[in-house]
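Q: Got model.cif for you, mmCIF, C-alpha atoms and all ligand atoms:
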```cif
data_final
loop_
_atom_site.label_atom_id
_atom_site.label_comp_id
_atom_site.auth_asym_id
_atom_site.auth_seq_id
_atom_site.Cartn_x
_atom_site.Cartn_y
_atom_site.Cartn_z
CA MET A 1 -6.15 1.59 -92.30
CA ARG A 2 -4.54 -0.75 -89.76
CA THR A 3 -3.02 0.81 -86.65
CA PRO A 4 0.58 -0.31 -86.08
CA LEU A 5 1.12 -2.42 -82.96
CA VAL A 6 4.43 -3.20 -81.26
CA VAL A 7 4.48 -5.90 -78.59
CA ALA A 8 7.28 -6.59 -76.10
CA ASN A 9 7.73 -10.25 -75.21
CA TRP A 10 10.04 -10.27 -72.20
CA LYS A 11 9.95 -14.10 -72.01
CA MET A 12 11.31 -15.42 -68.68
CA ASN A 13 13.41 -12.33 -67.94
CA GLY A 14 13.26 -9.50 -65.44
CA SER A 15 12.80 -8.81 -61.75
CA ARG A 16 10.77 -6.34 -59.70
CA GLU A 17 13.63 -3.88 -59.93
CA PHE A 18 13.87 -4.35 -63.72
CA VAL A 19 10.15 -3.58 -64.15
CA GLU A 20 10.55 -0.33 -62.23
CA GLN A 21 13.65 0.68 -64.14
CA PHE A 22 12.06 -0.21 -67.48
CA PHE A 23 9.00 1.98 -66.98
CA ALA A 24 11.09 4.83 -65.56
CA ALA A 25 13.16 4.83 -68.78
CA PHE A 26 10.54 3.89 -71.41
CA LYS A 27 8.98 7.02 -72.84
CA LEU A 28 6.44 6.86 -75.60
CA ALA A 29 6.15 9.84 -77.88
CA ALA A 30 2.62 10.98 -78.72
CA GLY A 31 1.23 9.58 -81.94
CA THR A 32 3.35 6.44 -81.95
CA ALA A 33 2.04 2.94 -82.52
CA GLN A 34 -0.14 0.98 -80.11
CA VAL A 35 2.22 -0.65 -77.64
CA ALA A 36 1.79 -3.72 -75.44
CA ILE A 37 4.19 -5.17 -72.89
CA CYS A 38 4.11 -8.87 -71.96
CA PRO A 39 6.09 -9.45 -68.75
CA PRO A 40 6.23 -12.77 -66.88
CA PHE A 41 3.03 -13.47 -64.85
CA PRO A 42 4.35 -12.34 -61.42
CA TYR A 43 5.20 -8.88 -62.73
CA LEU A 44 1.88 -8.20 -64.46
CA PRO A 45 0.37 -6.26 -61.52
CA ALA A 46 3.46 -4.04 -61.11
CA ALA A 47 3.60 -3.48 -64.87
CA ALA A 48 -0.13 -2.66 -64.90
CA GLY A 49 0.40 -0.01 -62.24
CA LEU A 50 3.47 1.51 -63.84
CA SER A 51 2.29 1.37 -67.45
CA GLY A 52 -1.03 2.89 -66.42
CA GLN A 53 0.80 6.09 -65.52
CA GLN A 54 1.67 6.48 -69.21
CA GLY A 55 -1.34 6.38 -71.51
CA GLY A 56 -1.29 4.14 -74.54
CA ILE A 57 0.54 1.12 -73.15
CA ALA A 58 -1.48 -2.09 -72.94
CA LEU A 59 -0.60 -5.14 -70.95
CA GLY A 60 -0.22 -8.64 -72.35
CA ALA A 61 0.47 -12.11 -70.96
CA GLN A 62 2.75 -14.69 -72.55
CA ASN A 63 0.49 -17.69 -72.03
CA LEU A 64 -2.86 -18.79 -70.58
CA SER A 65 -4.68 -22.00 -69.77
CA GLU A 66 -7.15 -23.42 -72.28
CA ARG A 67 -9.47 -24.02 -69.28
CA ASP A 68 -11.54 -21.51 -67.37
CA GLN A 69 -11.10 -22.65 -63.75
CA GLY A 70 -10.68 -25.64 -61.46
CA ALA A 71 -8.15 -28.19 -60.27
CA PHE A 72 -5.34 -27.39 -62.70
CA THR A 73 -2.32 -26.72 -60.50
CA GLY A 74 0.00 -24.06 -61.84
CA GLU A 75 -2.31 -22.88 -64.61
CA VAL A 76 -3.55 -19.31 -65.15
CA ALA A 77 -6.99 -18.65 -66.62
CA GLY A 78 -7.84 -15.95 -69.14
CA ALA A 79 -10.48 -14.45 -66.83
CA MET A 80 -7.83 -13.97 -64.13
CA LEU A 81 -5.65 -12.09 -66.57
CA ARG A 82 -8.57 -9.95 -67.69
CA ASP A 83 -9.39 -9.32 -64.04
CA ILE A 84 -6.03 -7.64 -63.42
CA GLY A 85 -6.16 -5.48 -66.53
CA VAL A 86 -4.49 -7.65 -69.18
CA HIS A 87 -5.64 -7.04 -72.79
CA TYR A 88 -3.50 -9.28 -74.97
CA VAL A 89 -2.17 -12.82 -74.66
CA ILE A 90 0.40 -14.58 -76.84
CA VAL A 91 -0.66 -18.05 -78.03
CA GLY A 92 1.28 -20.56 -80.09
CA HIS A 93 4.73 -19.02 -79.63
CA SER A 94 7.30 -21.38 -81.17
CA GLU A 95 9.04 -21.79 -77.80
CA ARG A 96 5.79 -23.13 -76.33
CA ARG A 97 5.23 -25.36 -79.36
CA SER A 98 8.76 -26.79 -79.43
CA LEU A 99 9.85 -26.76 -75.76
CA PHE A 100 6.53 -27.39 -74.02
CA GLY A 101 4.87 -29.67 -76.54
CA GLU A 102 1.97 -27.40 -77.43
CA THR A 103 0.19 -28.83 -80.44
CA SER A 104 -1.79 -26.81 -82.96
CA ASP A 105 -4.92 -28.28 -81.38
CA LEU A 106 -3.96 -26.93 -77.94
CA VAL A 107 -3.03 -23.58 -79.47
CA ALA A 108 -6.50 -23.45 -81.02
CA GLN A 109 -8.10 -24.15 -77.63
CA LYS A 110 -6.02 -21.39 -76.02
CA PHE A 111 -7.01 -18.98 -78.79
CA ILE A 112 -10.69 -19.65 -78.09
CA ALA A 113 -10.17 -19.49 -74.30
CA ALA A 114 -8.52 -16.08 -74.70
CA GLN A 115 -11.43 -14.69 -76.69
CA ARG A 116 -13.91 -16.25 -74.24
CA ALA A 117 -12.21 -14.19 -71.53
CA ASP A 118 -12.35 -11.05 -73.65
CA LEU A 119 -8.60 -11.05 -74.25
CA ILE A 120 -7.07 -10.45 -77.67
CA PRO A 121 -4.98 -13.48 -78.68
CA ILE A 122 -1.74 -12.85 -80.57
CA LEU A 123 -1.47 -16.03 -82.60
CA CYS A 124 2.13 -16.88 -83.57
CA VAL A 125 2.89 -18.89 -86.68
CA GLY A 126 6.19 -19.61 -88.40
CA GLU A 127 8.32 -22.20 -90.14
CA THR A 128 11.63 -23.77 -89.10
CA LEU A 129 14.73 -23.40 -91.27
CA GLU A 130 14.37 -27.01 -92.40
CA GLN A 131 10.77 -26.38 -93.48
CA ARG A 132 11.82 -23.22 -95.36
CA ASP A 133 14.75 -24.93 -97.05
CA SER A 134 12.54 -27.77 -98.21
CA GLY A 135 10.06 -25.31 -99.74
CA ASN A 136 7.28 -25.93 -97.20
CA THR A 137 6.93 -22.47 -95.66
CA PHE A 138 3.46 -21.71 -97.04
CA ASP A 139 2.13 -25.20 -96.25
CA VAL A 140 3.29 -24.93 -92.64
CA ILE A 141 1.77 -21.47 -92.19
CA ARG A 142 -1.49 -22.55 -93.84
CA GLN A 143 -1.76 -25.56 -91.51
CA GLN A 144 -1.01 -23.48 -88.43
CA LEU A 145 -3.71 -20.97 -89.40
CA GLN A 146 -6.27 -23.61 -90.37
CA ALA A 147 -5.78 -25.41 -87.04
CA VAL A 148 -7.37 -22.44 -85.34
CA ALA A 149 -10.93 -23.02 -86.40
CA GLY A 150 -11.92 -19.94 -84.41
CA LEU A 151 -10.06 -17.89 -86.96
CA THR A 152 -13.23 -16.90 -88.70
CA ASP A 153 -14.41 -13.51 -89.81
CA ALA A 154 -16.27 -12.95 -86.55
CA SER A 155 -13.29 -13.61 -84.32
CA LEU A 156 -10.68 -11.93 -86.47
CA ASP A 157 -11.56 -8.43 -85.41
CA ARG A 158 -10.53 -9.46 -81.88
CA ALA A 159 -7.24 -11.15 -82.82
CA VAL A 160 -3.69 -10.40 -83.93
CA VAL A 161 -1.45 -12.70 -85.98
CA ALA A 162 2.35 -12.71 -85.64
CA TYR A 163 4.61 -14.23 -88.28
CA GLU A 164 7.70 -15.45 -86.48
CA PRO A 165 10.05 -17.57 -88.58
CA VAL A 166 11.57 -19.96 -86.02
CA TRP A 167 15.03 -19.52 -87.55
CA ALA A 168 14.90 -15.77 -86.85
CA ILE A 169 13.89 -15.92 -83.18
CA GLY A 170 16.71 -14.96 -80.84
CA THR A 171 19.30 -15.74 -83.52
CA GLY A 172 20.18 -12.24 -84.69
CA VAL A 173 19.16 -13.34 -88.20
CA THR A 174 16.11 -11.38 -89.37
CA ALA A 175 13.98 -12.28 -92.35
CA THR A 176 14.64 -9.74 -95.08
CA PRO A 177 11.78 -7.27 -95.51
CA GLN A 178 10.93 -9.03 -98.80
CA GLN A 179 10.92 -12.52 -97.23
CA ALA A 180 8.68 -11.27 -94.43
CA GLN A 181 6.35 -9.35 -96.76
CA GLU A 182 5.87 -12.44 -98.93
CA VAL A 183 4.61 -14.47 -95.96
CA HIS A 184 2.59 -11.60 -94.48
CA SER A 185 0.76 -11.14 -97.73
CA PHE A 186 0.12 -14.90 -97.86
CA ILE A 187 -1.27 -14.83 -94.29
CA ARG A 188 -3.57 -11.92 -95.09
CA ASP A 189 -4.88 -13.59 -98.24
CA SER A 190 -5.42 -16.88 -96.35
CA LEU A 191 -7.62 -15.06 -93.85
CA GLY A 192 -10.07 -13.96 -96.51
CA SER A 193 -11.91 -10.65 -96.52
CA ALA A 194 -11.56 -10.12 -92.76
CA GLY A 195 -7.81 -10.50 -93.17
CA GLN A 196 -7.65 -7.01 -94.61
CA ASN A 197 -8.20 -5.49 -91.16
CA VAL A 198 -6.14 -7.89 -89.05
CA GLN A 199 -2.86 -6.63 -87.65
CA VAL A 200 -0.13 -9.02 -88.82
CA LEU A 201 3.07 -8.50 -86.84
CA TYR A 202 6.57 -9.67 -87.70
CA GLY A 203 8.77 -11.23 -85.01
CA GLY A 204 12.32 -12.54 -85.07
CA SER A 205 15.39 -10.48 -84.14
CA VAL A 206 13.66 -7.12 -84.65
CA LYS A 207 15.91 -4.24 -83.61
CA SER A 208 15.86 -0.49 -84.09
CA ASP A 209 18.20 -0.75 -87.07
CA ASN A 210 16.05 -3.20 -89.06
CA ALA A 211 12.58 -2.15 -87.86
CA GLU A 212 12.03 0.69 -90.29
CA ALA A 213 12.64 -1.40 -93.44
CA LEU A 214 10.32 -4.12 -92.13
CA PHE A 215 7.56 -1.66 -91.21
CA ALA A 216 7.79 -0.07 -94.67
CA GLN A 217 6.32 -3.26 -96.18
CA ASP A 218 2.63 -3.13 -97.10
CA ASP A 219 1.49 -6.06 -94.99
CA ILE A 220 3.72 -5.66 -91.92
CA ASP A 221 1.68 -3.88 -89.26
CA GLY A 222 4.17 -3.93 -86.40
CA ALA A 223 6.36 -6.30 -84.45
CA LEU A 224 6.57 -8.85 -81.67
CA VAL A 225 9.92 -8.08 -80.07
CA GLY A 226 11.86 -10.40 -77.76
CA GLY A 227 15.46 -9.56 -76.87
CA ALA A 228 15.38 -5.92 -77.97
CA SER A 229 12.28 -5.24 -75.84
CA LEU A 230 14.35 -5.62 -72.66
CA ASP A 231 16.14 -2.37 -73.42
CA PRO A 232 13.68 0.52 -72.89
CA GLU A 233 15.49 2.97 -75.19
CA GLU A 234 15.89 0.40 -77.96
CA PHE A 235 12.27 -0.69 -77.62
CA ALA A 236 11.08 2.93 -77.71
CA LYS A 237 13.00 3.41 -80.98
CA ILE A 238 11.24 0.40 -82.50
CA CYS A 239 7.88 1.82 -81.38
CA ARG A 240 8.71 5.15 -82.97
CA ALA A 241 9.70 3.42 -86.22
CA ALA A 242 6.23 1.83 -86.36
P1 LIG A 301 13.56 -12.07 -80.58
O1 LIG A 301 12.26 -12.86 -80.12
O2 LIG A 301 13.14 -10.67 -80.90
O3 LIG A 301 14.50 -12.14 -79.41
O4 LIG A 301 14.10 -12.77 -81.78
C1 LIG A 301 11.02 -12.67 -80.75
C2 LIG A 301 9.98 -13.56 -80.13
O5 LIG A 301 10.31 -14.69 -79.74
O6 LIG A 301 8.81 -13.17 -79.98
#
```
Spit out the file's structure as structure tokens when you get a sec.
A:
Amino acid sequence: MRTPLVVANWKMNGSREFVEQFFAAFKLAAGTAQVAICPPFPYLPAAAGLSGQQGGIALGAQNLSERDQGAFTGEVAGAMLRDIGVHYVIVGHSERRSLFGETSDLVAQKFIAAQRADLIPILCVGETLEQRDSGNTFDVIRQQLQAVAGLTDASLDRAVVAYEPVWAIGTGVTATPQQAQEVHSFIRDSLGSAGQNVQVLYGGSVKSDNAEALFAQDDIDGALVGGASLDPEEFAKICRAA
């Protein structure tokens, strides 16, 4: 039985005041899904303090360096994140792949760096609309998974996979529950026997009014939520639905 997990990806949004207001308003009911919040780096310590007052909320980062330390101006190492209480880190988000030139090879290095630092990587995979329309969805997902050579049985119990169709991110267009389920089931099968226990999250315009139908699918174990995670009441509804 896989525990549902709902992750908030705030992207480059928020302020110190927003973090305080969010945690004052965000109330988790007992027995809901595992929940993780990924604020921008500067707000991680404040979020750690405030989320710690409510049990059951883990902290995540949106990115990390593939290196462990040294002369790499502007980079943040996994061990530093672990040091301040971070548990999860997103790797391979499509915005990092498309806007910041992250290749599948770099994503693989970040995945390994995260596990080396005892963080749980949330590996994002997903096809563009063009790739879907030309019938290449499964090939693209297979390649993105295979690029992470660390995605072996041993490492899979310390990893999460998120299926995020690029055409559904921030667009208001969600994959239908059936479209998402089809890919989730493919991802699980591609991961072999260990895939049965891996949490596979869906991401892309998840909101409280579409969450329930998505979570009802056999292979959808939760969500990676962007826009809707900035509203504490809306995000709490999604967590309850999981
Ligand atoms: P969205 O973003 O919920 O705003 O579509 C999801 C994501 O990018 O993780």
Q: So which residues are near ligand LIG 301 (chain A), meaning at most 10 Å away with all atoms listed in the file counted, given back as a count of residues only?
A: 38
Q: May I have the residues within 12 Å of Phe26 (chain A) as a JSON list (two decimals) with C-alpha atoms, keeping the file's coordinate frame, using only C-alpha atoms and disregarding those fewer than 4 positions away in the same chain?
A:
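See part.json below for the written result:
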```json
[["chain", "number", "residue", "atom", "x", "y", "z"],
["A", 8, "ALA", "CA", 7.28, -6.59, -76.10],
["A", 18, "PHE", "CA", 13.87, -4.35, -63.72],
["A", 19, "VAL", "CA", 10.15, -3.58, -64.15],
["A", 20, "GLU", "CA", 10.55, -0.33, -62.23],
["A", 21, "GLN", "CA", 13.65, 0.68, -64.14],
["A", 22, "PHE", "CA", 12.06, -0.21, -67.48],
["A", 35, "VAL", "CA", 2.22, -0.65, -77.64],
["A", 37, "ILE", "CA", 4.19, -5.17, -72.89],
["A", 50, "LEU", "CA", 3.47, 1.51, -63.84],
["A", 51, "SER", "CA", 2.29, 1.37, -67.45],
["A", 53, "GLN", "CA", 0.80, 6.09, -65.52],
["A", 54, "GLN", "CA", 1.67, 6.48, -69.21],
["A", 57, "ILE", "CA", 0.54, 1.12, -73.15],
["A", 229, "SER", "CA", 12.28, -5.24, -75.84],
["A", 230, "LEU", "CA", 14.35, -5.62, -72.66],
["A", 231, "ASP", "CA", 16.14, -2.37, -73.42],
["A", 232, "PRO", "CA", 13.68, 0.52, -72.89],
["A", 233, "GLU", "CA", 15.49, 2.97, -75.19],
["A", 234, "GLU", "CA", 15.89, 0.40, -77.96],
["A", 235, "PHE", "CA", 12.27, -0.69, -77.62],
["A", 236, "ALA", "CA", 11.08, 2.93, -77.71],
["A", 237, "LYS", "CA", 13.00, 3.41, -80.98],
["A", 238, "ILE", "CA", 11.24, 0.40, -82.50],
["A", 239, "CYS", "CA", 7.88, 1.82, -81.38],
["A", 240, "ARG", "CA", 8.71, 5.15, -82.97]]
```
Q: Mind giving me the straight-line distance from CA of Ala194 (chain A) to CA of Val86 (chain A) in Å, one decimal?
A: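 Result for CA of Ala194 (chain A) versus CA of Val86 (chain A): 24.7 Å, one decimal.
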Q: Using all atoms listed in the file, which protein or nucleic acid residues come within 9 Å of Ile84 (chain A)? Drop anything in the same chain fewer than 5 positions from it, and give the result as number ranges by chain.
A: A: 44-45, 48, 79
Q: Enumerate, as a list in words, the protein, DNA and RNA residues whose atoms approach (2.8, -0.2, -83.9) to within 8 Å, taking into account all atoms listed in the file and the coordinate frame of the file.
A: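 Selection result: Thr3, Pro4, Leu5, Val6, Val7, Thr32, Ala33, Gln34, Val35, Asp221, Gly222, Ala223, Cys239 and Ala242 of chain A.
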Q: So what do you get for CA of Ala159 (chain A) versus CA of Ile120 (chain A), distance-wise?
A: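 These atoms are spaced 5.2 Å apart.
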Q: Compare A:Arg16, A:Arg142, A:Arg2, A:Arg116 by their minimum atom-to-atom distance to Ser104 (chain A), counting all atoms listed in the file, and give me the closest one.
A: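 Among the listed residues, A:Arg142 lies closest to Ser104 (chain A).
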Q: Let me make sure I understand: among A:Gly60, A:Gly126, A:Gly135, A:Gly92, which one has the smallest atom-to-atom distance to Phe111 (chain A) if we use all atoms listed in the file?
A: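 Among the listed residues, the smallest separation from Phe111 (chain A) belongs to A:Gly92.
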